[in-house]
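Enquirer: One file is attached below, start.cif, containing mmCIF, C-alpha atoms.
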data_target
loop_
_atom_site.label_atom_id
_atom_site.label_comp_id
_atom_site.auth_asym_id
_atom_site.auth_seq_id
_atom_site.Cartn_x
_atom_site.Cartn_y
_atom_site.Cartn_z
CA MET A 1 -35.70 2.65 -32.74
CA ALA A 2 -34.83 1.87 -29.14
CA VAL A 3 -31.98 4.36 -29.28
CA ILE A 4 -34.24 7.19 -30.45
CA GLU A 5 -36.75 6.29 -27.77
CA SER A 6 -34.16 6.42 -25.03
CA ILE A 7 -32.87 9.76 -26.34
CA ILE A 8 -36.37 11.23 -26.20
CA GLN A 9 -37.00 9.84 -22.77
CA HIS A 10 -33.84 11.24 -21.27
CA TYR A 11 -33.49 14.45 -23.29
CA ASN A 12 -34.84 16.58 -20.46
CA HIS A 13 -32.40 15.04 -18.03
CA TRP A 14 -29.44 15.56 -20.31
CA ILE A 15 -30.24 19.19 -20.95
CA MET A 16 -30.82 19.63 -17.24
CA ILE A 17 -27.41 18.14 -16.49
CA PHE A 18 -25.81 20.38 -19.09
CA LEU A 19 -27.38 23.47 -17.52
CA MET A 20 -26.40 22.39 -14.04
CA VAL A 21 -22.80 21.67 -15.02
CA SER A 22 -22.53 24.99 -16.87
CA GLY A 23 -23.70 26.77 -13.75
CA LEU A 24 -21.17 24.86 -11.67
CA TYR A 25 -18.42 25.68 -14.16
CA ILE A 26 -19.22 29.37 -14.06
CA VAL A 27 -19.27 29.39 -10.26
CA VAL A 28 -15.91 27.63 -9.97
CA ASN A 29 -14.09 29.23 -12.89
CA ARG A 30 -15.15 32.84 -13.13
CA GLY A 31 -13.83 35.41 -10.71
CA ASN A 32 -16.45 38.05 -11.43
CA MET A 33 -19.06 38.00 -8.69
CA VAL A 34 -22.04 39.07 -10.80
CA LYS A 35 -21.17 36.30 -13.23
CA LYS A 36 -20.93 33.88 -10.34
CA LEU A 37 -24.43 34.84 -9.24
CA VAL A 38 -25.72 34.30 -12.79
CA GLY A 39 -24.07 30.87 -12.66
CA LEU A 40 -25.74 30.12 -9.36
CA SER A 41 -29.13 31.02 -10.77
CA LEU A 42 -28.44 28.80 -13.81
CA PHE A 43 -27.74 25.96 -11.40
CA GLN A 44 -30.93 26.77 -9.50
CA THR A 45 -33.06 26.84 -12.65
CA SER A 46 -31.79 23.42 -13.69
CA VAL A 47 -33.05 22.13 -10.35
CA TYR A 48 -36.47 23.59 -11.16
CA LEU A 49 -36.40 21.57 -14.35
CA ILE A 50 -35.42 18.37 -12.57
CA TYR A 51 -38.37 18.77 -10.21
CA ILE A 52 -40.98 19.62 -12.80
CA THR A 53 -39.98 16.98 -15.38
CA PRO A 54 -41.14 13.85 -13.49
CA GLY A 55 -44.41 15.56 -12.55
CA LYS A 56 -45.54 15.66 -16.16
CA ILE A 57 -47.84 12.90 -17.36
CA LEU A 58 -48.14 12.50 -21.11
CA GLY A 59 -51.70 13.42 -22.08
CA GLY A 60 -52.30 15.15 -18.75
CA THR A 61 -53.49 18.70 -18.23
CA PRO A 62 -52.38 21.39 -15.78
CA PRO A 63 -53.67 20.62 -12.28
CA ILE A 64 -56.73 22.85 -12.34
CA LEU A 65 -59.70 20.64 -11.68
CA ASP A 66 -62.50 20.49 -14.23
CA ASP A 67 -65.09 17.91 -15.07
CA ALA A 68 -63.83 17.61 -18.62
CA PHE A 69 -60.47 16.11 -17.65
CA THR A 70 -59.37 13.14 -15.62
CA VAL A 71 -55.58 13.03 -15.99
CA TYR A 72 -53.66 15.82 -14.30
CA SER A 73 -49.97 16.41 -13.94
CA ASN A 74 -48.60 16.19 -10.43
CA PRO A 75 -49.22 19.48 -8.55
CA LEU A 76 -46.79 18.89 -5.71
CA PRO A 77 -43.53 19.72 -7.55
CA HIS A 78 -45.21 22.83 -8.95
CA VAL A 79 -45.90 24.10 -5.43
CA LEU A 80 -42.36 23.42 -4.25
CA ILE A 81 -40.77 25.13 -7.25
CA LEU A 82 -43.21 28.04 -7.23
CA THR A 83 -42.06 29.05 -3.79
CA ALA A 84 -38.43 28.19 -4.58
CA ILE A 85 -38.39 30.68 -7.48
CA VAL A 86 -39.52 33.59 -5.34
CA VAL A 87 -37.17 32.62 -2.53
CA GLY A 88 -34.45 32.32 -5.17
CA VAL A 89 -34.90 35.91 -6.30
CA ALA A 90 -34.90 37.09 -2.68
CA THR A 91 -31.58 35.36 -2.02
CA LEU A 92 -30.25 36.62 -5.36
CA ALA A 93 -31.07 40.14 -4.22
CA LEU A 94 -29.16 39.46 -1.00
CA GLY A 95 -26.13 38.26 -2.97
CA LEU A 96 -26.28 41.31 -5.23
CA ALA A 97 -26.45 43.57 -2.18
CA LEU A 98 -23.29 41.91 -0.85
CA VAL A 99 -21.62 42.48 -4.24
CA VAL A 100 -22.54 46.16 -4.12
CA ARG A 101 -21.11 46.52 -0.63
CA ILE A 102 -17.90 44.70 -1.59
CA ASN A 103 -17.52 46.99 -4.58
CA GLU A 104 -17.94 50.04 -2.38
CA ALA A 105 -15.49 48.81 0.23
CA TYR A 106 -12.75 47.48 -2.07
CA GLY A 107 -13.46 49.02 -5.46
CA SER A 108 -13.63 45.77 -7.36
CA ILE A 109 -15.90 42.82 -7.98
CA GLU A 110 -13.19 40.54 -9.36
CA GLU A 111 -11.98 37.85 -7.01
CA ASP A 112 -8.38 37.99 -8.31
CA GLU A 113 -8.10 41.73 -7.73
CA LEU A 114 -9.59 41.39 -4.26
CA PHE A 115 -7.04 38.74 -3.32
CA ALA A 116 -4.22 40.84 -4.78
CA ASN A 117 -5.36 43.87 -2.78
CA GLY A 118 -5.54 41.79 0.37
CA GLU A 119 -1.94 40.62 -0.01
CA ASP A 120 -0.67 44.18 -0.42
CA GLY A 121 -0.81 44.77 3.28
CA THR A 122 -4.29 45.59 4.56
CA MET B 1 -37.22 19.65 -27.19
CA VAL B 2 -36.59 22.66 -29.40
CA LEU B 3 -36.98 24.95 -26.41
CA LEU B 4 -34.58 22.87 -24.37
CA THR B 5 -32.01 22.97 -27.15
CA LEU B 6 -32.39 26.74 -27.36
CA MET B 7 -31.82 26.93 -23.61
CA ALA B 8 -28.62 24.95 -23.95
CA ILE B 9 -27.40 27.32 -26.68
CA ILE B 10 -28.18 30.35 -24.52
CA THR B 11 -26.27 28.74 -21.67
CA VAL B 12 -23.21 28.41 -23.88
CA GLY B 13 -23.61 32.10 -24.64
CA ILE B 14 -23.77 32.96 -20.94
CA VAL B 15 -20.59 31.00 -20.29
CA ARG B 16 -18.69 32.53 -23.21
CA ILE B 17 -19.66 36.21 -23.18
CA ARG B 18 -17.53 38.56 -21.08
CA ASN B 19 -19.73 41.62 -21.36
CA LEU B 20 -21.87 41.38 -18.23
CA PHE B 21 -24.67 43.42 -19.79
CA GLY B 22 -24.97 40.77 -22.48
CA VAL B 23 -24.91 38.05 -19.85
CA VAL B 24 -27.79 39.63 -17.95
CA VAL B 25 -29.88 40.05 -21.11
CA LEU B 26 -29.18 36.44 -22.08
CA SER B 27 -30.22 35.23 -18.65
CA GLY B 28 -33.50 37.11 -19.09
CA ILE B 29 -34.07 35.31 -22.40
CA TYR B 30 -33.13 32.08 -20.67
CA SER B 31 -35.79 32.67 -18.01
CA PHE B 32 -38.45 33.22 -20.67
CA LEU B 33 -37.45 30.00 -22.39
CA MET B 34 -37.61 28.23 -19.04
CA ALA B 35 -41.11 29.61 -18.54
CA SER B 36 -42.14 28.25 -21.95
CA VAL B 37 -40.73 24.84 -21.04
CA MET B 38 -42.73 24.93 -17.81
CA ILE B 39 -45.92 25.58 -19.80
CA VAL B 40 -45.14 22.58 -22.00
CA LEU B 41 -44.63 20.53 -18.84
CA ASP B 42 -48.10 21.61 -17.55
CA ALA B 43 -46.75 23.78 -14.75
CA VAL B 44 -48.65 26.96 -15.57
CA ASP B 45 -48.29 28.56 -12.14
CA VAL B 46 -44.56 27.97 -12.16
CA ALA B 47 -44.31 29.39 -15.69
CA MET B 48 -46.08 32.55 -14.60
CA THR B 49 -43.77 32.98 -11.63
CA GLU B 50 -40.65 32.28 -13.65
CA ALA B 51 -41.64 34.76 -16.36
CA SER B 52 -42.38 37.56 -13.91
CA VAL B 53 -39.62 36.87 -11.39
CA GLY B 54 -36.78 35.41 -13.44
CA ALA B 55 -37.17 37.56 -16.52
CA GLY B 56 -38.53 40.66 -14.83
CA ILE B 57 -37.38 41.37 -11.31
CA SER B 58 -34.02 39.62 -11.26
CA THR B 59 -33.01 41.20 -14.59
CA VAL B 60 -33.85 44.64 -13.23
CA LEU B 61 -31.90 43.97 -10.03
CA MET B 62 -28.86 42.70 -11.94
CA LEU B 63 -28.92 45.72 -14.25
CA SER B 64 -29.04 48.10 -11.31
CA VAL B 65 -26.06 46.30 -9.78
CA LEU B 66 -24.16 46.58 -13.06
CA TYR B 67 -24.91 50.29 -13.01
CA LEU B 68 -23.41 50.50 -9.52
CA THR B 69 -20.34 48.43 -10.37
CA LYS B 70 -18.91 47.83 -13.82
CA SER B 71 -20.11 45.86 -16.79
CA ARG B 72 -16.91 44.30 -18.04
CA GLU B 73 -15.52 41.01 -16.81
CA SER B 74 -11.74 40.69 -16.67
CA VAL B 75 -9.97 37.72 -18.19
CA PRO B 76 -9.39 35.08 -15.53
CA THR B 77 -5.76 34.46 -14.74
CA SER B 78 -6.09 30.88 -13.52
CA THR B 79 -6.36 28.04 -15.99
CA PRO B 80 -9.80 26.55 -16.54
CA LEU B 81 -8.49 23.01 -16.18
CA PHE B 82 -9.58 22.38 -12.60
CA PRO B 83 -13.14 23.71 -13.07
CA VAL B 84 -13.51 21.67 -16.25
CA ILE B 85 -12.49 18.54 -14.37
CA VAL B 86 -14.92 19.29 -11.53
CA ALA B 87 -17.75 19.98 -13.98
CA ALA B 88 -17.02 16.90 -16.07
CA ALA B 89 -16.91 14.66 -13.01
CA ALA B 90 -20.22 16.04 -11.78
CA ALA B 91 -21.74 15.56 -15.25
CA ALA B 92 -20.51 11.96 -15.42
CA MET B 93 -22.01 11.10 -12.06
CA LEU B 94 -25.32 12.74 -12.94
CA LEU B 95 -25.46 10.99 -16.32
CA PHE B 96 -24.86 7.69 -14.55
CA GLY B 97 -27.78 8.55 -12.30
CA THR B 98 -30.17 9.24 -15.19
CA LEU B 99 -29.82 5.69 -16.48
CA ASP B 100 -32.04 4.45 -13.66
CA LEU B 101 -34.66 7.18 -13.90
CA PRO B 102 -38.15 6.21 -15.01
CA PRO B 103 -39.15 7.15 -18.55
CA PHE B 104 -40.57 10.60 -19.20
CA GLY B 105 -44.26 11.25 -18.83
CA GLU B 106 -45.47 7.94 -17.49
CA ALA B 107 -48.28 7.86 -14.95
CA ALA B 108 -47.11 4.78 -13.05
CA THR B 109 -43.87 6.19 -11.64
CA ALA B 110 -43.20 6.65 -7.95
CA VAL B 111 -43.70 10.41 -8.09
CA HIS B 112 -47.39 10.03 -8.82
CA GLN B 113 -48.14 7.44 -6.15
CA HIS B 114 -47.74 9.14 -2.79
CA VAL B 115 -49.80 12.17 -1.72
CA ALA B 116 -50.48 13.75 -5.09
CA PRO B 117 -53.52 11.57 -5.94
CA HIS B 118 -55.06 12.53 -2.61
CA TYR B 119 -54.61 16.22 -3.35
CA LEU B 120 -56.09 15.82 -6.82
CA ALA B 121 -59.05 13.78 -5.62
CA LYS B 122 -59.91 15.65 -2.44
CA SER B 123 -59.02 19.27 -3.18
CA MET B 124 -62.49 20.15 -4.44
CA GLU B 125 -64.44 18.71 -1.53
CA GLU B 126 -61.99 19.64 1.23
CA THR B 127 -61.06 23.17 0.19
CA GLY B 128 -63.43 24.14 -2.62
CA VAL B 129 -60.55 25.40 -4.74
CA PRO B 130 -60.21 24.00 -8.27
CA ASN B 131 -56.60 25.06 -8.73
CA VAL B 132 -54.81 22.29 -6.86
CA VAL B 133 -51.54 24.22 -6.84
CA THR B 134 -53.18 26.99 -4.84
CA SER B 135 -54.90 24.64 -2.41
CA VAL B 136 -51.72 22.65 -1.78
CA LEU B 137 -49.66 25.84 -1.47
CA ALA B 138 -51.92 27.62 0.96
CA SER B 139 -53.76 24.87 2.77
CA TYR B 140 -52.16 21.44 2.73
CA ARG B 141 -48.65 22.83 2.88
CA GLY B 142 -49.35 26.06 4.69
CA TYR B 143 -46.40 25.54 7.03
CA ASP B 144 -44.05 25.35 4.06
CA THR B 145 -45.41 28.54 2.61
CA LEU B 146 -45.17 30.31 5.95
CA GLY B 147 -41.51 29.27 6.07
CA GLU B 148 -40.89 30.52 2.54
CA THR B 149 -42.56 33.83 3.33
CA THR B 150 -40.33 34.15 6.36
CA VAL B 151 -37.27 33.50 4.20
CA ILE B 152 -38.33 36.29 1.82
CA PHE B 153 -38.93 38.55 4.83
CA THR B 154 -35.46 37.76 6.22
CA ALA B 155 -33.74 38.28 2.87
CA GLY B 156 -35.55 41.58 2.36
CA ILE B 157 -34.56 42.81 5.81
CA ALA B 158 -30.94 41.74 5.22
CA VAL B 159 -30.77 43.60 1.90
CA LEU B 160 -32.16 46.72 3.51
CA MET B 161 -29.64 46.46 6.33
CA LEU B 162 -26.76 46.07 3.87
CA LEU B 163 -27.78 48.88 1.56
CA ARG B 164 -29.18 51.39 4.00
CA GLY B 165 -27.21 54.49 4.85
CA ARG B 166 -25.07 56.75 2.76
CA ARG B 167 -22.48 55.59 0.31
CA LYS B 168 -18.99 55.71 1.79
CA SER B 169 -15.73 56.44 0.00
CA THR B 170 -14.07 53.59 -1.86
CA LYS B 171 -11.16 53.21 0.54
CA PRO B 172 -11.19 49.97 2.57
CA SER B 173 -13.32 50.35 5.63
CA THR B 174 -13.35 48.23 8.73
CA ASP B 175 -17.08 48.01 9.30
CA ALA B 176 -19.46 46.19 6.91
CA MET C 1 -35.87 63.41 -20.66
CA LYS C 2 -38.09 65.04 -23.29
CA LEU C 3 -37.66 62.32 -25.89
CA ASP C 4 -39.37 59.51 -24.01
CA LEU C 5 -42.86 60.97 -24.33
CA ILE C 6 -44.22 57.73 -25.77
CA LEU C 7 -42.75 55.74 -22.91
CA ARG C 8 -44.23 58.10 -20.35
CA VAL C 9 -47.70 58.06 -21.83
CA ALA C 10 -47.61 54.31 -22.34
CA THR C 11 -46.46 53.77 -18.75
CA LYS C 12 -49.20 55.98 -17.41
CA LEU C 13 -51.73 54.02 -19.46
CA LEU C 14 -50.35 50.63 -18.50
CA CYS C 15 -49.88 51.08 -14.76
CA PRO C 16 -53.54 50.78 -13.68
CA PHE C 17 -53.98 47.74 -15.90
CA ILE C 18 -50.90 46.06 -14.49
CA LEU C 19 -52.21 46.64 -10.98
CA LEU C 20 -55.63 45.35 -12.02
CA PHE C 21 -53.99 42.28 -13.53
CA ALA C 22 -52.09 41.70 -10.30
CA LEU C 23 -55.32 41.80 -8.33
CA TYR C 24 -56.96 39.49 -10.87
CA VAL C 25 -54.09 37.04 -10.54
CA GLN C 26 -54.39 37.28 -6.77
CA PHE C 27 -58.11 36.68 -6.43
CA HIS C 28 -58.57 34.44 -9.43
CA GLY C 29 -55.69 32.26 -8.27
CA ASP C 30 -58.19 29.78 -6.84
CA TYR C 31 -59.63 29.06 -10.27
CA GLY C 32 -56.81 29.68 -12.70
CA PRO C 33 -53.06 29.97 -12.59
CA GLY C 34 -51.91 32.55 -10.12
CA GLY C 35 -51.65 33.34 -6.46
CA GLY C 36 -49.99 35.58 -3.96
CA PHE C 37 -46.43 35.11 -5.14
CA GLN C 38 -47.14 36.01 -8.76
CA ALA C 39 -49.47 38.86 -7.87
CA GLY C 40 -46.94 40.35 -5.51
CA VAL C 41 -44.24 40.27 -8.13
CA ILE C 42 -46.52 41.80 -10.78
CA ALA C 43 -47.56 44.61 -8.44
CA ALA C 44 -43.91 45.27 -7.64
CA ALA C 45 -43.12 45.26 -11.36
CA MET C 46 -45.63 48.06 -11.84
CA VAL C 47 -43.84 50.24 -9.28
CA ILE C 48 -40.49 49.41 -10.86
CA LEU C 49 -41.77 50.30 -14.34
CA TYR C 50 -43.03 53.61 -13.00
CA ALA C 51 -39.69 54.28 -11.31
CA ILE C 52 -37.74 53.45 -14.47
CA THR C 53 -39.73 55.78 -16.74
CA TYR C 54 -40.44 58.66 -14.38
CA GLY C 55 -37.43 58.51 -12.11
CA LEU C 56 -37.02 57.35 -8.55
CA GLU C 57 -38.38 60.39 -6.74
CA PRO C 58 -41.90 60.41 -8.27
CA ALA C 59 -42.11 56.68 -7.60
CA LYS C 60 -41.10 57.24 -4.00
CA ARG C 61 -43.80 59.88 -3.71
CA ALA C 62 -46.37 57.45 -5.11
CA VAL C 63 -45.27 54.48 -2.99
CA PRO C 64 -43.20 55.74 -0.05
CA PRO C 65 -40.33 53.41 0.95
CA ALA C 66 -41.64 53.40 4.51
CA ILE C 67 -44.85 51.77 3.32
CA ALA C 68 -42.96 49.20 1.27
CA GLN C 69 -40.77 48.39 4.25
CA ALA C 70 -43.75 48.16 6.57
CA MET C 71 -45.39 45.72 4.15
CA ILE C 72 -42.56 43.20 4.57
CA PRO C 73 -43.33 42.20 8.18
CA LEU C 74 -47.05 42.96 7.77
CA GLY C 75 -47.51 40.08 5.32
CA VAL C 76 -45.78 37.59 7.59
CA LEU C 77 -47.95 38.85 10.42
CA ILE C 78 -51.13 38.32 8.37
CA PHE C 79 -49.99 34.80 7.53
CA ALA C 80 -48.98 33.83 11.04
CA GLY C 81 -51.96 35.68 12.47
CA THR C 82 -54.28 33.48 10.44
CA GLY C 83 -52.60 30.49 12.03
CA VAL C 84 -52.94 31.95 15.51
CA ALA C 85 -56.59 32.78 14.82
CA THR C 86 -57.33 29.17 13.92
CA MET C 87 -55.59 28.14 17.13
CA LEU C 88 -57.71 30.56 19.15
CA LEU C 89 -60.80 29.12 17.49
CA GLY C 90 -59.85 25.74 18.86
CA ASP C 91 -58.12 23.96 16.03
CA ASN C 92 -54.54 23.36 14.93
CA PHE C 93 -52.22 26.06 13.60
CA LEU C 94 -53.26 26.94 10.02
CA ALA C 95 -56.21 24.51 10.06
CA TYR C 96 -58.67 26.77 8.26
CA ASN C 97 -61.69 24.57 8.90
CA ALA C 98 -62.16 26.44 12.19
CA LEU C 99 -62.65 29.81 10.48
CA ASP C 100 -66.25 29.01 9.56
CA HIS C 101 -68.17 26.74 11.88
CA HIS C 102 -71.05 26.14 9.52
CA SER C 103 -69.07 25.01 6.52
CA PRO C 104 -65.45 23.82 6.66
CA VAL C 105 -65.08 24.41 2.93
CA HIS C 106 -65.90 28.10 3.35
CA GLY C 107 -63.41 28.24 6.19
CA GLN C 108 -60.77 26.76 3.92
CA HIS C 109 -61.59 29.27 1.21
CA LEU C 110 -61.34 32.19 3.63
CA GLY C 111 -58.10 30.86 5.08
CA ILE C 112 -56.53 30.45 1.66
CA LEU C 113 -57.53 33.97 0.69
CA LEU C 114 -56.06 35.43 3.88
CA VAL C 115 -52.84 33.49 3.54
CA GLU C 116 -52.43 34.48 -0.10
CA LEU C 117 -53.02 38.08 0.94
CA GLY C 118 -50.18 37.76 3.43
CA VAL C 119 -47.90 36.33 0.75
CA LEU C 120 -48.87 39.13 -1.66
CA VAL C 121 -48.11 41.85 0.86
CA THR C 122 -44.74 40.42 1.83
CA VAL C 123 -43.56 39.68 -1.70
CA ALA C 124 -44.65 43.04 -3.13
CA GLY C 125 -43.17 44.93 -0.21
CA THR C 126 -39.87 43.07 -0.36
CA MET C 127 -39.43 43.50 -4.11
CA VAL C 128 -40.23 47.22 -4.06
CA ALA C 129 -38.07 47.88 -1.00
CA VAL C 130 -35.15 45.95 -2.48
CA PHE C 131 -35.48 47.82 -5.77
CA TYR C 132 -35.52 51.18 -3.95
CA ALA C 133 -32.44 50.12 -1.98
CA PHE C 134 -30.47 49.20 -5.12
CA ALA C 135 -31.65 52.15 -7.21
CA GLY C 136 -31.20 54.69 -4.43
CA ARG C 137 -27.61 53.57 -3.97
CA GLY C 138 -26.38 55.15 -7.17
CA ARG C 139 -27.09 58.78 -6.34
#
Please express what this file holds, its structure, as structure tokens.
Expert:
Amino acid sequence: MAVIESIIQHYNHWIMIFLMVSGLYIVVNRGNMVKKLVGLSLFQTSVYLIYITPGKILGGTPPILDDAFTVYSNPLPHVLILTAIVVGVATLALGLALVVRINEAYGSIEEDELFANGEDGT
Amino acid sequence: MVLLTLMAIITVGIVRIRNLFGVVVLSGIYSFLMASVMIVLDAVDVAMTEASVGAGISTVLMLSVLYLTKSRESVPTSTPLFPVIVAAAAAAMLLFGTLDLPPFGEAATAVHQHVAPHYLAKSMEETGVPNVVTSVLASYRGYDTLGETTVIFTAGIAVLMLLRGRRKSTKPSTDA
Amino acid sequence: MKLDLILRVATKLLCPFILLFALYVQFHGDYGPGGGFQAGVIAAAMVILYAITYGLEPAKRAVPPAIAQAMIPLGVLIFAGTGVATMLLGDNFLAYNALDHHSPVHGQHLGILLVELGVLVTVAGTMVAVFYAFAGRGR
């Protein structure tokens, strides 16, 4: 019984770690820049999860005040993550713009090909 | 828990698939699942943002970039051994860290002790706004939000600077 | 481009409602889920939907890129200007209580609305301008 309880209590954290590590793996392993950006956003989303998870109170409601409820989940992480998501898409757009420019300048978005071109003599 | 498991499966798909179009579509699905998880975790504002931003705007942007570049990922030449080691080490450290975390969903943990009770108790009488997320976002933490808006402004300006002007030929150029 | 008649009609029907929903999310954000960030993104999504179905040029005629680009700094100015206004009224930066001398709560409400308006303008402008930049690159 204690084992099942501990699994339920930490399931969010484990999934979060899995997502984060997958993002890290993609960023380190894959040479394709669009894929790298997808990996970065995976990493970022796992951080959203790590922030929101401790804010939840079992039996609580969303933090919109009403006389009918007394227990609310913590609003502070929601605020932080809300702004982080929009900032995240703005920075993602910046990264994608860089990818587009690199593709126009060098004709490739693969890291390996870029390095190979660089060694040819330019 | 089902949603989280689905998210993990989608992540495996994102790691495995080489067709970038598929990857982008999967990451859109992933964002929707994340939004559903946020609703379960009571973060309705965050869920709304994630659904519109993560699944909407960023998918559109990625697709337009794929249209400008190419949608096929080449097979990596280097061995995946080093990244696997890095990822496994990070996972081990993080797992070690979770052992000390407080149990899920309890009201007595440190997160709920600091300023959050003040916001919940005083929001109505100090700002007259029932949605505490809005009042914290715009009033109590207005400086933060101003900073975030400035970051969006800067990123938007930078994108416009990078992508403005006519498309040049594909030969290596010295500017940029 | 003749085959997507259904898409075109559906888009034309949906666009006003999406914009209305964005405004609802913006101004009802005090009472329900929503706020400037979400509303800005939804409004930008409407322009993007229009551009995807009808092509980039009609969308640029409807929402000129110059306007979208002008909206980016305008929102930050509204936000910071609210802060400067509270300073001029004799209180701290972004302390909205000063906006209404009779009732601090009304001042807070007004301040929150103004600030959310600034966020809406910046986010919508940035998203539309960025989309135009990416989409216009391909031609």
Enquirer: Considering all atoms listed in the file, give me a table of residues in chain B that are at most 8 Å from chain C, with the closest atom pair and distance in Å for each, as CSV.
Expert:
residue,atom,partner,partner_atom,distance
B:Val44,CA,C:Pro33,CA,6.1
B:Asp45,CA,C:Pro33,CA,5.0
B:Met48,CA,C:Gln38,CA,6.9
B:Thr49,CA,C:Gln38,CA,5.4
B:Ser52,CA,C:Val41,CA,6.6
B:Val53,CA,C:Val41,CA,6.6
B:Gly56,CA,C:Ala45,CA,7.4
B:Ile57,CA,C:Ala45,CA,6.9
B:Leu61,CA,C:Phe131,CA,6.8
B:Ser64,CA,C:Ala135,CA,6.3
B:Val65,CA,C:Phe134,CA,7.0
B:Tyr67,CA,C:Gly138,CA,7.7
B:Leu68,CA,C:Gly138,CA,6.0
B:Glu125,CA,C:Val105,CA,7.3
B:Glu126,CA,C:Val105,CA,5.9
B:Thr127,CA,C:Val105,CA,5.0
B:Gly128,CA,C:Val105,CA,5.8
B:Val129,CA,C:Asp30,CA,5.4
B:Pro130,CA,C:Tyr31,CA,5.5
B:Asn131,CA,C:Tyr31,CA,5.2
B:Thr134,CA,C:Asp30,CA,6.1
B:Ser135,CA,C:Ile112,CA,7.3
B:Ala138,CA,C:Ile112,CA,5.5
B:Ser139,CA,C:Ile112,CA,6.3
B:Gly142,CA,C:Leu94,CA,6.7
B:Tyr143,CA,C:Leu94,CA,7.6
B:Leu146,CA,C:Phe79,CA,6.8
B:Thr149,CA,C:Val119,CA,6.4
B:Thr150,CA,C:Val76,CA,6.6
B:Ile152,CA,C:Val123,CA,7.2
B:Phe153,CA,C:Ile72,CA,5.9
B:Gly156,CA,C:Thr126,CA,5.3
B:Val159,CA,C:Val130,CA,6.6
B:Leu160,CA,C:Ala133,CA,6.5
B:Leu163,CA,C:Ala133,CA,6.0
B:Arg164,CA,C:Ala133,CA,6.9
B:Arg166,CA,C:Arg137,CA,7.9
B:Arg167,CA,C:Arg137,CA,7.0
Enquirer: For chain A versus chain B, which residues have an atom no more than 6 Å away, and what is each residue's nearest atom pair and distance in Å rounded to one decimal, using only C-alpha atoms, chain-then-number order, as a Markdown table?
Expert:
| residue | atom | partner | partner_atom | distance |
| --- | --- | --- | --- | --- |
| A:Gln9 | CA | B:Phe104 | CA | 5.1 |
| A:Val21 | CA | B:Ala87 | CA | 5.4 |
| A:Tyr25 | CA | B:Pro83 | CA | 5.7 |
| A:Val28 | CA | B:Pro83 | CA | 5.7 |
| A:Asn29 | CA | B:Pro83 | CA | 5.6 |
| A:Lys56 | CA | B:Gly105 | CA | 5.3 |
| A:Ile57 | CA | B:Gly105 | CA | 4.2 |
| A:Leu58 | CA | B:Gly105 | CA | 4.7 |
| A:Pro62 | CA | B:Asp42 | CA | 4.6 |
| A:Pro63 | CA | B:Val132 | CA | 5.8 |
| A:Ile64 | CA | B:Asn131 | CA | 4.2 |
| A:Leu65 | CA | B:Pro130 | CA | 4.8 |
| A:Pro75 | CA | B:Val133 | CA | 5.5 |
| A:Val79 | CA | B:Leu137 | CA | 5.7 |
| A:Leu82 | CA | B:Val46 | CA | 5.1 |
| A:Val87 | CA | B:Ile152 | CA | 5.8 |
| A:Ala90 | CA | B:Ile152 | CA | 5.7 |
| A:Leu94 | CA | B:Val159 | CA | 5.3 |
| A:Ala97 | CA | B:Val159 | CA | 5.9 |
| A:Glu104 | CA | B:Thr170 | CA | 5.3 |
| A:Ala105 | CA | B:Pro172 | CA | 5.0 |
| A:Tyr106 | CA | B:Pro172 | CA | 5.5 |
| A:Gly107 | CA | B:Thr170 | CA | 5.8 |
Enquirer: Just give me the gap between CA of Ala68 in chain C and CA of Ala43 in chain C in Å, one decimal is fine.
Expert: 11.7 Å
Enquirer: Report the centre and edge lengths, in Å to one decimal, of an axis-aligned box enclosing every atom of range 97-105 of chain C listed in the file, padded by 5 Å on each side, as AutoDock Vina command-line options.
Expert:
--center_x -66.4 --center_y 26.8 --center_z 7.6 --size_x 19.4 --size_y 16.0 --size_z 19.3
Enquirer: Hey, which of A:Ile109, A:Val100, A:Ser73, A:Ser46 ends up closest to Gly59 in chain A? Count all atoms listed in the file.
Expert: A:Ser73
Enquirer: Hey, which of A:Leu114, A:Met33, A:Ala84, A:Ser108 ends up closest to chain C? Count all atoms listed in the file.
Expert: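 For chain C, the nearest of the given residues is A:Ala84.
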Enquirer: Ranking C:Met46, C:Leu99, C:Ala70, C:Val63 by minimum distance to Lys12 in chain C and counting only C-alpha atoms, which one comes first?
Expert: C:Met46
Enquirer: Nearest to Asn74 in chain A among A:Ile52, A:Leu98, A:Val27, A:Leu37, with distances taken over all atoms listed in the file: which residue is it?
Expert: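 Among the listed residues, the smallest separation from Asn74 in chain A belongs to A:Ile52.
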Enquirer: Quote the spacing between CA of Ala35 in chain B and CA of Ala51 in chain B in Å to one decimal place.
Expert: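 Taking CA of Ala35 in chain B and CA of Ala51 in chain B, their separation equals 5.6 Å.
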Enquirer: Using CA of Val84 in chain C and CA of His102 in chain C as the two end points, give the distance in Å to one decimal.
Expert: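 Here the two named atoms are 19.9 Å from each other.
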Enquirer: Extract, using only C-alpha atoms, all DNA, RNA and protein residues at most 8 Å from Ser41 in chain A, discarding same-chain residues fewer than 5 positions from it, and format them as a list in words.
Expert: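 Here the answer would be Gly23, Gly88 and Leu92 of chain A.
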Enquirer: Next, write the just-selected residues to a file, as a compact mmCIF listing (two decimals), keeping the file's coordinate frame, keeping C-alpha atoms as the atom set.
Expert:
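Saved file selection-v3.txt follows:
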# COMPACT_ATOMS: atom_id res chain seq x y z
CA GLY A 23 -23.70 26.77 -13.75
CA GLY A 88 -34.45 32.32 -5.17
CA LEU A 92 -30.25 36.62 -5.36
